[in-house]
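> After the structure tokens below, expect a handful of questions from me.
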Number of protein chains: 2
Amino acid sequence: MQEHDRQGQVGPRRRPPRRERDFAAIRGGEDAAFRRRIISAAAEIFAERGFAAASIDEVARRLGATKGLVYHRYRSKGELLADVCESGLKSLRESLEAVIGHNERAVTRLTGAANLHASEVLTNLFLHRTLAEATSGMAVSTLNGNEAEMIAGIAEQRRRYDAIFVQLIAETVEQHDLPAGRDTAMLGRLFVTALDAPILWPRQTLAEVSGRSGLIARQLAYFALRGIGASDATLREEFSR
Amino acid sequence: MQEHDRQGQVGPRRRPPRRERDFAAIRGGEDAAFRRRIISAAAEIFAERGFAAASIDEVARRLGATKGLVYHRYRSKGELLADVCESGLKSLRESLEAVIGHNERAVTRLTGAANLHASEVLTNLFLHRTLAEATSGMAVSTLNGNEAEMIAGIAEQRRRYDAIFVQLIAETVEQHDLPAGRDTAMLGRLFVTALDAPILWPRQTLAEVSGRSGLIARQLAYFALRGIGASDATLREEFSR
């Protein structure tokens with residue numbers, strides 16, 4: 001039956017007319033843009049009021065949208081939290097994927113990944129503050145079973161993301177660009193949380209560094225690389241690119 | 001009138017009898033112990049539910065105390081938050097004061113201070129998570145004017161605490177134990193937030209490292225010192241003590 005329908009759609013006559021296709025594309029684009037706007041407003045409100053005190057109504061008000069439009073997408077605040085976190089993780093993964101496939105030394109990929117991670121955190125600070133709070137167990141007891149499960153899934157995804165840094169560090173050790181014989185899991189933890197540091201910076205500090213996120217990301221990456229043992233010669237080479 | 005009363009109290013006959021003084025001392029001690037218990041329960045609940053969703057009633061329940069006993073001390077949840085933060089700051093300052101007065105090289109004091117800061121964070125994690133959230137602007141919009149002012153005061157105290165690290169780093173540079181010509185304010189930020197990193201660690205990570213806080217504190221201090229530029233020779237010397 002379905003197969004028949006699909007076959008029936010084949011051929012130029014079944015394609016929607018030009019104008020209709022354009023509208024669909026616009027609607028799809030608007031939808032993605034609206035989701036981004038909801039996520040950004042939600043992250044802001046979670047940061048301002050804390051997750052437990054925030055409400056979907058407030059997110060809708062911030063957007064100047066009706067509650068219905070937001071509820072249509074998210075049945076609960078927990079679902080919205082999960083989507084904010086998913087969005088933060090997706091940005092981080094996309095940054096990482098942009099460098100880890102490159103055919104370069106591990107230390108070069110690690111430096112690139114560190115830079116991109118720090119930039120992403122600095123650029124979307126509220127998003128990553130929300131993600132960090134969720135993975136570190138924020139307000140877990142206010143979530144229902146289904147929501148708590150979603151957040152546990154997010155924490156697991158974040159662990160897998162962090163594990164890629166541990167793997168990159170291990171490769172860098174193998175290629176003799178970091179000293180051997182150390183606990184790479186611990187180095188990975190120190191490395192990634194150092195890059196996440198702006199999440200903990202007070203507003204005043206963030207105001208002081210605003211507009212310099214490229215420079216700050218490099219300083220964070222340099223600090224983290226040196227912290228886990230990169231030599232000054234390696235750092236000179238990696239940071240002169 | 002008051003002056004007269006005070007003078008009237010002078011003399012041995014006005015001192016309370018021995019037994020009464022003992023009770024007063026015990027009451028004072030019990031009072032301090034009760035305050036520590038409230039603070040520890042409050043920090044735990046703020047971490048579990050988020051500040052906005054937490055309540056004084058819940059803190060009292062956790063303690064098995066009556067609401068009245070807690071309300072007698074804190075008129076609002078904001079006051080309780082401020083006291084949790086004060087307590088965290090006091091522990092940090094006491095650690096710092098234990099080393100900064102020593103007649104040693106700046107790098108030795110800096111290493112000692114880093115170790116103690118990291119230990120304190122690992123030992124009282126909920127307390128320091130609450131402090132970090134408050135100074136980074138947690139749920140500020142749910143506080144009333146008076147409470148917001150208290151939290152602004154906490155943030156200012158924390159800035160002064162962090163400034164001592166910047167000062168120690170500057171002294172270390174002057175004594176040629178760190179390379180010169182760099183932005184010490186930025187190094188201070190990176191240094192202190194690296195030591196605060198366990199605040200961002202997920203529960204699972206904290207479970208993995210539990211019982212090893214001495215070792216982890218040293219690893220954090222080593223990472224932060226190396227990150228800001230300490231040479232391997234300096235690190236060998238400082239961490240062999």
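Residues are referred to by chain and number: the chain letter is A, B, ... according to the order shown in the structure tokens, the number counts from 1 in that chain, and ligands are numbered separately from 1 in the order shown.
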Identify every residue of chain B that has at least one atom within 7 Å of any atom of chain A, counting only C-alpha atoms, and report the result as a PyMOL selection string.

chain B and resi 47-50+52-53+132+135-142+193-194+197+200-203+223-224+226-228

> Can you pull out the residues contacting stretch 168-176 of chain B? Cut-off 9 Å, using only C-alpha atoms, and skip same-chain residues under 6 positions away; I want them as a list of chain:residue names.

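In the requested form, the answer reads B:Ile100, B:Arg105, B:Ala106, B:Val107, B:Thr108, B:Arg109, B:Leu110, B:Thr184, B:Ala185, B:Leu187, B:Gly188, B:Ile228.
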
> For atom CA of A:Gly68 and atom CA of A:Gly153, determine how far apart the two atoms are, in Å to one decimal place.

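Spanning atom CA of A:Gly68 to atom CA of A:Gly153 is a straight-line distance of 27.2 Å.
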
> For A:Glu120, please output as a list in words all residues within 8 Å (counting only C-alpha atoms; exclusion window: fewer than 6 positions along the same chain).

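Result of the neighbour search: Ser91, Leu92 and Ser95 of chain A.
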
> Name all residues at most 12 Å from B:Arg241 (count only C-alpha atoms; drop same-chain ones fewer than 4 positions away) and give them as a list in words.

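That gives Thr108, Thr111, Gly112, Arg218, Thr234, Leu235, Arg236 and Glu237 of chain B.
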
> If we count only C-alpha atoms, what is near stretch 33-42 of chain B at a cut-off of 8 Å, once residues fewer than 2 positions away on the same chain are taken out, given as a ChimeraX atom specification?

/B:29-31,44-46,59-60,62-63,70,80-81,83-84,87,126-127

> What does the file look like for those residues with all heavy atoms, as a compact mmCIF listing (two decimals), in the first residue's frame?


```
# COMPACT_ATOMS: atom_id res chain seq x y z
N GLY B 29 28.89 26.13 71.69
CA GLY B 29 29.45 25.05 70.86
C GLY B 29 28.36 24.34 70.07
O GLY B 29 28.50 24.11 68.88
N GLU B 30 27.25 24.04 70.74
CA GLU B 30 26.13 23.37 70.06
C GLU B 30 25.59 24.25 68.95
O GLU B 30 25.22 23.78 67.89
CB GLU B 30 25.00 23.09 71.06
CG GLU B 30 25.21 21.80 71.82
CD GLU B 30 24.12 21.59 72.85
OE1 GLU B 30 23.29 22.50 73.05
OE2 GLU B 30 24.11 20.53 73.48
N ASP B 31 25.57 25.55 69.24
CA ASP B 31 25.06 26.51 68.28
C ASP B 31 25.92 26.50 67.02
O ASP B 31 25.40 26.44 65.91
CB ASP B 31 25.12 27.89 68.96
CG ASP B 31 24.18 28.84 68.29
OD1 ASP B 31 23.00 28.48 68.17
OD2 ASP B 31 24.65 29.91 67.87
N GLU B 44 23.66 20.79 50.26
CA GLU B 44 23.26 19.55 49.61
C GLU B 44 21.95 19.73 48.86
O GLU B 44 21.80 19.29 47.72
CB GLU B 44 23.06 18.51 50.72
CG GLU B 44 23.64 17.15 50.43
CD GLU B 44 23.46 16.26 51.64
OE1 GLU B 44 24.31 16.36 52.56
OE2 GLU B 44 22.48 15.49 51.69
N ILE B 45 21.00 20.40 49.51
CA ILE B 45 19.68 20.57 48.90
C ILE B 45 19.73 21.56 47.73
O ILE B 45 19.09 21.34 46.70
CB ILE B 45 18.64 20.96 49.98
CG1 ILE B 45 18.36 19.72 50.84
CG2 ILE B 45 17.35 21.51 49.37
CD1 ILE B 45 17.57 19.98 52.10
N PHE B 46 20.51 22.63 47.86
CA PHE B 46 20.67 23.55 46.73
C PHE B 46 21.24 22.79 45.53
O PHE B 46 20.87 23.04 44.38
CB PHE B 46 21.61 24.72 47.09
CG PHE B 46 21.05 25.68 48.12
CD1 PHE B 46 21.89 26.53 48.83
CD2 PHE B 46 19.68 25.76 48.36
CE1 PHE B 46 21.39 27.42 49.78
CE2 PHE B 46 19.17 26.65 49.31
CZ PHE B 46 20.03 27.48 50.01
N VAL B 59 15.20 22.00 54.26
CA VAL B 59 16.46 21.95 55.00
C VAL B 59 16.19 21.46 56.41
O VAL B 59 16.89 20.57 56.92
CB VAL B 59 17.16 23.33 55.00
CG1 VAL B 59 18.40 23.31 55.89
CG2 VAL B 59 17.52 23.77 53.59
N ALA B 60 15.14 21.99 57.04
CA ALA B 60 14.78 21.58 58.39
C ALA B 60 14.44 20.10 58.42
O ALA B 60 14.88 19.36 59.28
CB ALA B 60 13.60 22.43 58.90
N ARG B 62 15.44 17.73 56.38
CA ARG B 62 16.67 16.95 56.21
C ARG B 62 17.42 16.79 57.53
O ARG B 62 18.03 15.78 57.81
CB ARG B 62 17.53 17.64 55.14
CG ARG B 62 18.89 17.02 54.86
CD ARG B 62 18.81 15.74 54.01
NE ARG B 62 17.96 15.82 52.86
CZ ARG B 62 18.40 15.93 51.59
NH1 ARG B 62 19.69 15.97 51.34
NH2 ARG B 62 17.57 15.99 50.58
N LEU B 63 17.35 17.87 58.35
CA LEU B 63 18.06 17.86 59.63
C LEU B 63 17.26 17.17 60.73
O LEU B 63 17.79 16.95 61.82
CB LEU B 63 18.33 19.30 60.08
CG LEU B 63 19.34 20.10 59.28
CD1 LEU B 63 19.27 21.56 59.69
CD2 LEU B 63 20.73 19.54 59.49
N VAL B 70 15.28 26.68 62.34
CA VAL B 70 16.04 27.18 61.19
C VAL B 70 15.63 28.63 60.90
O VAL B 70 16.48 29.49 60.66
CB VAL B 70 15.86 26.26 59.96
CG1 VAL B 70 16.73 26.74 58.80
CG2 VAL B 70 16.20 24.81 60.31
N LEU B 80 20.11 32.27 53.98
CA LEU B 80 20.74 30.95 54.14
C LEU B 80 21.78 30.74 53.04
O LEU B 80 22.91 30.30 53.30
CB LEU B 80 19.65 29.88 54.09
CG LEU B 80 20.07 28.41 54.26
CD1 LEU B 80 20.93 28.20 55.49
CD2 LEU B 80 18.84 27.51 54.33
N LEU B 81 21.41 31.11 51.80
CA LEU B 81 22.36 31.02 50.68
C LEU B 81 23.61 31.82 50.99
O LEU B 81 24.74 31.35 50.80
CB LEU B 81 21.70 31.54 49.39
CG LEU B 81 22.60 31.68 48.16
CD1 LEU B 81 23.12 30.32 47.70
CD2 LEU B 81 21.86 32.36 47.01
N ASP B 83 24.82 32.63 53.85
CA ASP B 83 25.62 32.03 54.92
C ASP B 83 26.38 30.80 54.41
O ASP B 83 27.53 30.56 54.82
CB ASP B 83 24.74 31.66 56.13
CG ASP B 83 25.56 31.67 57.43
OD1 ASP B 83 26.54 32.44 57.53
OD2 ASP B 83 25.23 30.88 58.33
N VAL B 84 25.75 30.03 53.51
CA VAL B 84 26.46 28.89 52.89
C VAL B 84 27.70 29.42 52.16
O VAL B 84 28.80 28.89 52.31
CB VAL B 84 25.52 28.13 51.91
CG1 VAL B 84 26.30 27.13 51.07
CG2 VAL B 84 24.41 27.41 52.68
N SER B 87 30.43 30.68 54.49
CA SER B 87 31.12 29.56 55.12
C SER B 87 32.17 28.98 54.15
O SER B 87 33.30 28.68 54.56
CB SER B 87 30.09 28.52 55.54
OG SER B 87 30.70 27.31 55.81
N PHE B 126 29.68 20.37 47.64
CA PHE B 126 28.37 21.01 47.52
C PHE B 126 28.44 22.47 47.93
O PHE B 126 27.82 23.33 47.32
CB PHE B 126 27.32 20.29 48.37
CG PHE B 126 26.93 18.94 47.85
CD1 PHE B 126 26.63 17.89 48.71
CD2 PHE B 126 26.84 18.71 46.48
CE1 PHE B 126 26.25 16.65 48.23
CE2 PHE B 126 26.46 17.46 45.99
CZ PHE B 126 26.17 16.43 46.87
N LEU B 127 29.21 22.71 48.99
CA LEU B 127 29.39 24.08 49.48
C LEU B 127 30.02 24.95 48.38
O LEU B 127 29.55 26.06 48.11
CB LEU B 127 30.35 24.02 50.68
CG LEU B 127 30.38 25.17 51.65
CD1 LEU B 127 29.06 25.29 52.36
CD2 LEU B 127 31.49 24.97 52.69
```

> Quick one, how far is atom CA of B:Leu89 from atom CA of A:Arg212?

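These atoms are spaced 29.8 Å apart.
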